[in-house]
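Engineer: Mind having a look at this structure? Questions to follow.
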Amino acid sequence: MHNSNKKLQQEIIRISGVNPKKCMRCGKCTATCPAFDEMEYHPHQFVAMVEDGDIEPLLKSESLYRCLTCFACVDRCPRNVEPAKLVEAVRLTVIRQKDANHLKADDIPAMLDEDIPQQALVSAFRKYAK
Amino acid sequence: MKVSYFPGCTLKNKAKQLDVYARRCAEVLGITLEEIEAWQCCGGVFTTANDEVATKLSSVRALQAAQEKDQALVTVCSACHNVIKQTNHAMQTNASFADKVNRYNDTPYDGSTAVYHYLEMLRDLVGVDKIKEKVVNPLKGEKIAAYYGCLLLRPNSVMRMDDPENPSIMEDIIRAIGGTPVIYPYRNECCGGYVVMESPEFAKKKSNAVTESAASFGASRMVTACPLCKYNLEKNAPAVPVVYFTELLAEALGVKEDANA
């Protein structure tokens, strides 16, 4: 594994608290994920790719912004791997970089209608921007 | 009985009914919701990373405000409840996180505040039997589909509200106020959440699956505790009318009209 990938892998494991080695590849996380068909890399692939240190493709993937943080994969994983925490850690390593916010304040007006709750905005900012 | 109450951002704006009916119903049932002074937004979703500290301070401050008054902390918005409860759990179980948080505090917080969702308050502090006694306009058997979504139940290791795959807390309350609960397979699946901002099509697909499931089991109305669920279901899948569960409760307890004043 390339050194920079190794470093990224360790950082993601550290901030997520997830041990990807516990995964037995049953795929239940992906089967239960409400966003799996919107994701280029499915939850079980996230786990495998982090375990392999194959992290660069994940950093560039839109899949990071399709996770709903619904915790279905967290609750239903038979090995308690908690894939959503891994997705979150990868997303944070991206948006914590300078000018790497996925959602910008200027994008908001075009997304609004008169009924949209404040909760949608604060949640999207919490997930997509730093 | 008095409890500390954290309304949250949306309950002051788009979800006023959720807030107003919650307060009225609580009074009828003998509980006063005392709004925490100068509360700050919970942020809408819990950030699971261990090293996220600043994003959780508003929740800690609310928990501490309740502790200072020796009260339980009650929230009615599913999202606020989820964020605050997970933050409290992290304060109890993650010593290095708690240590970092407490460097921002004049007095350390130990995670000892009891956190209730309003539904848990109804079940555990009021009691379903007492609700039944206070009903003046029973629902006459109307078929009501309770929508849990994701935030109320998960992660179960922290939330501990109910059986996460076969919950009954809302159904028991629906029964107590004279309704017939509809059990349908999508009641604990996600509505599409905040992804609606970027991808309304995606939210439409997720929300449709939920309302079609409820409709196919004969529901005439759906109830939720989450403003974002309500928005997604109404906007993207208007098959069945959706109301806040506090509104339904207010109808049954005879305080709905008062609450509009």
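Scheme for the structure tokens: letters A, B, ... for chains in order shown; per-chain residue numbers from 1; ligand numbers from 1 in order shown.
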Please check the contacts: residues of chain B at most 6 Å away from chain A, using only C-alpha atoms, listed as number ranges by chain.

Structural biologist: B: 10, 14, 43-45, 48-51, 150, 154-155, 194, 197

Engineer: Considering only C-alpha atoms, state which residue in the set B:Thr55, B:Ser213, B:Ser157, B:Asn88 is at the smallest distance from Tyr186 of chain B.

Structural biologist: B:Ser213
